[in-house]
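**Q** The file below is coords.txt, compact mmCIF, C-alpha atoms:
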```
# COMPACT_ATOMS: atom_id res chain seq x y z
CA MET A 269 7.21 111.22 81.60
CA SER A 270 7.46 114.07 84.08
CA SER A 271 4.18 115.91 84.48
CA GLN A 272 6.15 119.17 84.83
CA ALA A 273 8.21 118.81 81.67
CA ILE A 274 7.09 120.34 78.37
CA GLN A 275 5.98 117.42 76.18
CA ILE A 276 7.22 117.92 72.62
CA ALA A 277 6.23 116.10 69.42
CA ILE A 278 8.23 116.48 66.21
CA ALA A 279 6.98 115.87 62.66
CA ASP A 280 9.64 115.95 59.95
CA ASP A 281 10.36 113.56 57.09
CA HIS A 282 14.16 113.96 57.33
CA PRO A 283 15.56 111.33 59.74
CA LEU A 284 18.70 113.35 60.48
CA ILE A 285 16.66 116.39 61.47
CA LEU A 286 14.37 114.26 63.63
CA GLU A 287 17.32 112.65 65.35
CA GLY A 288 19.14 115.94 65.86
CA LEU A 289 16.11 117.71 67.31
CA GLN A 290 15.33 114.77 69.56
CA LYS A 291 18.87 114.70 71.04
CA LEU A 292 18.95 118.46 71.45
CA LEU A 293 15.59 118.72 73.21
CA GLU A 294 16.07 115.64 75.39
CA ALA A 295 19.16 117.38 76.77
CA ALA A 296 17.27 120.63 77.48
CA PRO A 297 16.06 121.08 81.08
CA GLY A 298 12.31 120.69 81.52
CA MET A 299 11.64 119.19 78.11
CA GLU A 300 10.71 115.65 77.04
CA ILE A 301 10.02 114.09 73.65
CA ALA A 302 6.47 112.75 73.41
CA GLY A 303 6.91 111.37 69.90
CA CYS A 304 8.70 111.74 66.55
CA PHE A 305 6.94 111.25 63.22
CA GLY A 306 7.96 111.15 59.58
CA SER A 307 4.52 111.81 58.11
CA GLY A 308 1.42 113.88 58.74
CA ARG A 309 -0.69 110.75 59.11
CA GLU A 310 1.48 109.38 61.93
CA CYS A 311 1.40 112.74 63.67
CA LEU A 312 -2.40 113.00 63.49
CA GLU A 313 -2.86 109.43 64.73
CA PHE A 314 -0.66 110.19 67.73
CA LEU A 315 -2.45 113.45 68.62
CA GLN A 316 -5.86 111.80 68.44
CA SER A 317 -4.97 109.59 71.41
CA SER A 318 -1.97 111.20 73.12
CA HIS A 319 -0.91 114.61 74.36
CA ALA A 320 1.84 116.99 73.33
CA ASP A 321 2.23 120.54 74.64
CA ILE A 322 4.25 121.62 71.62
CA LEU A 323 4.42 120.25 68.07
CA LEU A 324 7.39 121.16 65.88
CA LEU A 325 5.80 120.80 62.45
CA ASP A 326 7.69 120.62 59.18
CA ILE A 327 5.28 122.31 56.77
CA ALA A 328 6.47 120.28 53.75
CA LEU A 329 5.71 116.70 54.75
CA PRO A 330 5.34 114.28 51.81
CA ASP A 331 1.76 113.26 52.58
CA ALA A 332 0.18 116.56 53.70
CA SER A 333 0.59 120.32 53.49
CA GLY A 334 1.50 122.22 56.61
CA LEU A 335 -1.54 124.46 56.23
CA ASP A 336 -3.96 121.54 56.11
CA LEU A 337 -2.23 119.76 58.98
CA CYS A 338 -2.21 122.86 61.14
CA ARG A 339 -5.94 123.34 60.63
CA GLU A 340 -6.71 119.69 61.36
CA ILE A 341 -4.49 119.58 64.45
CA ARG A 342 -6.18 122.68 65.84
CA ASN A 343 -9.45 120.75 65.61
CA ILE A 344 -8.37 117.42 67.12
CA ALA A 345 -5.81 118.73 69.64
CA PRO A 346 -6.60 122.37 70.43
CA ALA A 347 -4.34 122.38 73.50
CA THR A 348 -1.26 121.54 71.40
CA ARG A 349 0.67 124.62 70.33
CA ILE A 350 2.11 124.33 66.83
CA LEU A 351 5.49 125.76 65.86
CA ALA A 352 6.02 125.64 62.11
CA LEU A 353 9.55 124.53 61.23
CA SER A 354 10.53 125.21 57.64
CA ASN A 355 13.05 126.28 55.02
CA HIS A 356 10.32 128.43 53.42
CA SER A 357 11.02 132.06 54.29
CA GLU A 358 8.21 133.66 52.28
CA ARG A 359 6.27 136.15 54.36
CA SER A 360 3.01 134.96 52.78
CA MET A 361 3.59 131.39 54.02
CA ILE A 362 4.38 132.61 57.54
CA LEU A 363 1.13 134.61 57.60
CA GLN A 364 -0.89 131.69 56.25
CA MET A 365 0.41 129.36 58.97
CA LEU A 366 -0.47 131.92 61.64
CA GLN A 367 -3.94 132.30 60.16
CA GLN A 368 -4.40 128.51 60.44
CA GLY A 369 -3.59 128.68 64.16
CA ALA A 370 0.17 128.18 64.45
CA SER A 371 1.73 129.69 67.57
CA GLY A 372 4.99 130.51 65.84
CA TYR A 373 7.26 130.03 62.86
CA LEU A 374 10.93 129.01 62.84
CA LEU A 375 13.35 128.63 59.97
CA LYS A 376 15.43 125.46 60.02
CA ASN A 377 18.62 127.50 60.42
CA VAL A 378 17.42 128.40 63.94
CA ALA A 379 20.11 128.23 66.64
CA ALA A 380 19.64 125.74 69.47
CA ASP A 381 19.15 128.38 72.18
CA GLU A 382 16.65 130.21 69.95
CA LEU A 383 14.68 127.01 69.39
CA ILE A 384 14.47 126.35 73.12
CA ARG A 385 13.43 129.97 73.76
CA CYS A 386 10.67 129.73 71.16
CA ILE A 387 9.37 126.46 72.63
CA ARG A 388 9.21 128.01 76.10
CA GLU A 389 7.48 131.14 74.77
CA ALA A 390 4.89 129.08 72.87
CA HIS A 391 4.27 126.97 75.97
CA GLU A 392 3.55 130.19 77.87
CA GLY A 393 0.92 131.11 75.28
CA LEU A 394 2.99 133.65 73.35
CA LEU A 395 3.28 134.08 69.59
CA THR A 396 6.95 133.38 68.82
CA PHE A 397 9.39 133.55 65.91
CA SER A 398 13.03 132.75 65.30
CA LYS A 399 15.29 135.78 64.77
CA ALA A 400 15.29 135.41 60.99
CA VAL A 401 11.49 135.23 60.88
CA ARG A 402 11.15 138.30 63.12
CA GLU A 403 13.24 140.21 60.59
CA ILE A 404 11.01 139.02 57.74
CA MET A 405 7.85 139.97 59.65
CA ALA A 406 9.25 143.44 60.41
CA LYS A 407 9.38 144.26 56.69
CA PRO A 408 5.88 144.23 55.16
CA SER A 409 5.67 144.02 51.40
CA ALA A 410 4.35 146.89 49.29
CA THR A 411 1.13 144.95 48.70
CA GLU A 412 0.61 144.41 52.42
CA LEU A 413 1.24 148.08 53.13
CA ARG A 414 -1.44 148.99 50.60
CA ASP A 415 -3.81 146.50 52.20
CA MET A 416 -3.15 147.65 55.77
CA PRO A 417 -6.33 149.24 57.15
CA GLN A 418 -6.18 152.98 57.72
CA LEU A 419 -7.33 153.62 61.30
CA THR A 420 -8.25 156.85 63.00
CA ARG A 421 -6.57 157.78 66.29
CA ARG A 422 -9.72 156.76 68.19
CA GLU A 423 -9.94 153.42 66.34
CA LYS A 424 -6.30 152.64 67.23
CA GLU A 425 -7.06 153.51 70.84
CA ILE A 426 -10.09 151.22 70.94
CA LEU A 427 -8.23 148.43 69.06
CA LEU A 428 -5.52 148.40 71.75
CA LEU A 429 -8.11 148.26 74.53
CA ILE A 430 -9.99 145.41 72.81
CA ALA A 431 -6.68 143.53 72.45
CA ASP A 432 -6.12 144.10 76.17
CA GLY A 433 -9.37 142.26 76.89
CA LYS A 434 -11.47 145.29 77.79
CA THR A 435 -15.25 145.04 77.30
CA THR A 436 -17.42 147.62 75.56
CA THR A 437 -18.54 148.89 78.98
CA ASP A 438 -14.92 149.15 80.18
CA ILE A 439 -13.86 151.05 77.06
CA ALA A 440 -16.85 153.40 77.23
CA SER A 441 -16.00 154.26 80.83
CA MET A 442 -12.27 154.72 80.19
CA LEU A 443 -12.72 156.92 77.11
CA HIS A 444 -15.85 158.74 78.35
CA LEU A 445 -17.90 157.50 75.41
CA SER A 446 -21.31 155.88 75.18
CA PRO A 447 -21.39 152.09 74.80
CA LEU A 448 -23.20 152.58 71.48
CA THR A 449 -20.32 154.72 70.17
CA VAL A 450 -17.79 152.06 71.22
CA GLU A 451 -19.83 149.33 69.53
CA THR A 452 -19.95 151.42 66.34
CA HIS A 453 -16.15 151.73 66.42
CA ARG A 454 -15.84 147.99 67.05
CA LYS A 455 -18.02 147.19 64.02
CA ASN A 456 -16.03 149.64 61.88
CA LEU A 457 -12.77 147.97 62.95
CA LEU A 458 -14.06 144.50 62.07
CA GLN A 459 -15.12 145.82 58.67
CA LYS A 460 -11.79 147.53 57.97
CA PHE A 461 -9.86 144.37 58.83
CA GLY A 462 -12.36 142.18 56.95
CA SER A 463 -12.55 139.96 60.03
CA PRO A 464 -15.54 137.83 61.10
CA ASN A 465 -14.71 138.16 64.80
CA VAL A 466 -12.50 139.96 67.31
CA ALA A 467 -9.98 137.10 67.64
CA SER A 468 -9.30 137.12 63.91
CA MET A 469 -9.01 140.92 63.93
CA ILE A 470 -6.47 140.88 66.76
CA ARG A 471 -4.38 138.24 64.99
CA LEU A 472 -4.30 140.37 61.81
CA ALA A 473 -3.43 143.49 63.80
CA VAL A 474 -0.50 141.63 65.42
CA GLN A 475 0.70 140.38 62.03
CA GLN A 476 0.59 143.92 60.62
CA GLY A 477 2.45 145.36 63.59
CA LEU A 478 -0.44 147.54 64.74
CA ILE A 479 -0.33 145.93 68.19
CA GLN A 480 2.30 143.91 70.03
CA SER A 481 1.80 140.19 70.59
```
Would you kindly transcribe this structure into structure tokens?

**A**
Amino acid sequence: MSSQAIQIAIADDHPLILEGLQKLLEAAPGMEIAGCFGSGRECLEFLQSSHADILLLDIALPDASGLDLCREIRNIAPATRILALSNHSERSMILQMLQQGASGYLLKNVAADELIRCIREAHEGLLTFSKAVREIMAKPSATELRDMPQLTRREKEILLLIADGKTTTDIASMLHLSPLTVETHRKNLLQKFGSPNVASMIRLAVQQGLIQS
């Protein structure tokens, strides 16, 4: 294995899909296959002792749900970035996978060049989607629109600065506010999003299109 190549694991219970993905990615520059698995158990056993930069994860494996696997993989192999690979195009499933720590979501009709782009983006630490999924994510449902937090102009301003990694002191200085006022806005934002921490809040804000990933 080349230390420079992106190491990719694939978990899918359809042999033809496994074989096709393996051939495609082995031919892509800078990518190597670390392992291919037909079950969640095999995938978990591999990740407990071996490394993969990217895992292409079928979310409908026969022995485990994608949501449970994603959560467990994030615990045992936090450095592995998970790209959900599925025929399920429901927006709710996409959001649930992201909430469990997936770095992206691809439908199985993804084109080869799109797949390679998404793998590279995930490897760079970006949240990534295939074209079809981006279109789904761009159209929130009526329920989600009702649930979207209503933010004031100042709260939006502070949310963007928090997402940019700015501290309370930084934000107070930039907006000519007291640190206490900024902290109050921060607490209000967490409450409006129903989030236990800033990381969760930022993820929800990205999902709802309030900030760019």

**Q** I need the residue nearest Leu478 of chain A from this list: A:Arg402, A:Arg309, A:Arg349, A:Lys424. Use all atoms listed in the file for the distance.

**A**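 Of the candidates, the smallest distance to Leu478 of chain A is held by A:Lys424.
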
**Q** For each of A:Glu340, A:Leu292, A:Asp281, A:Asn465, take the minimum atom-to-atom distance to Leu383 of chain A, counting only C-alpha atoms, then give the residue where this is smallest.

**A**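 Result for the nearest residue to Leu383 of chain A: A:Leu292.
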
**Q** Hey, can you pull every residue with an atom no more than 8 Å from (5.5, 118.1, 61.5), using all atoms listed in the file, and send it as an NGL selection string?

**A** :A and (278-281 or 305-308 or 311 or 323-327 or 329 or 334 or 352-353)

**Q** So that I can see what lies close to Gly393 of chain A, please list as a list of chain:residue names the residues with an atom at most 12 Å from it, counting all atoms listed in the file and leaving out residues fewer than 2 positions away in the same chain.

**A**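 My reading of the contact set: A:Asp321, A:Ile322, A:Ala347, A:Thr348, A:Arg349, A:Ile350, A:Leu351, A:Ala370, A:Ser371, A:Gly372, A:Cys386, A:Ile387, A:Arg388, A:Glu389, A:Ala390, A:His391, A:Leu395, A:Thr396, A:Ser481.
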
**Q** With distances taken over only C-alpha atoms, which residue among A:Ala277, A:Leu429, A:Gln367, A:Asp381 lies nearest Ser463 of chain A?

**A**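 Checking each candidate against Ser463 of chain A, we get A:Gln367 as the closest.
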
**Q** Which residues, written as an NGL selection string, have at least one atom at most 10 Å from Ala406 of chain A, with all atoms listed in the file counted and residues fewer than 3 positions away on the same chain left out?

**A** :A and (359 or 401-403 or 409 or 475-477)

**Q** Residues at most 10 Å from segment 437-441 of chain A, counting all atoms listed in the file, excluding those fewer than 5 positions away in the same chain, as a list in words?

**A**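 So the residues in contact are Glu425, Ile426, Leu429, Ile430, Ser446, Pro447, Leu448, Thr449, Val450 and Glu451 of chain A.
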
**Q** Specify the axis-aligned box that encloses all atoms of segment 462-467 of chain A listed in the file after padding of 6 Å on each side, stating its centre and edge lengths in Å to one decimal as JSON.

**A**
```
{"center_x": -12.8, "center_y": 139.6, "center_z": 62.3, "size_x": 17.6, "size_y": 17.1, "size_z": 22.7}
```

**Q** Can you work out the spacing between atom CA of Cys304 of chain A and atom CA of Ser398 of chain A in Å, to one decimal?

**A**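 For atom CA of Cys304 of chain A relative to atom CA of Ser398 of chain A, the distance reads 21.5 Å.
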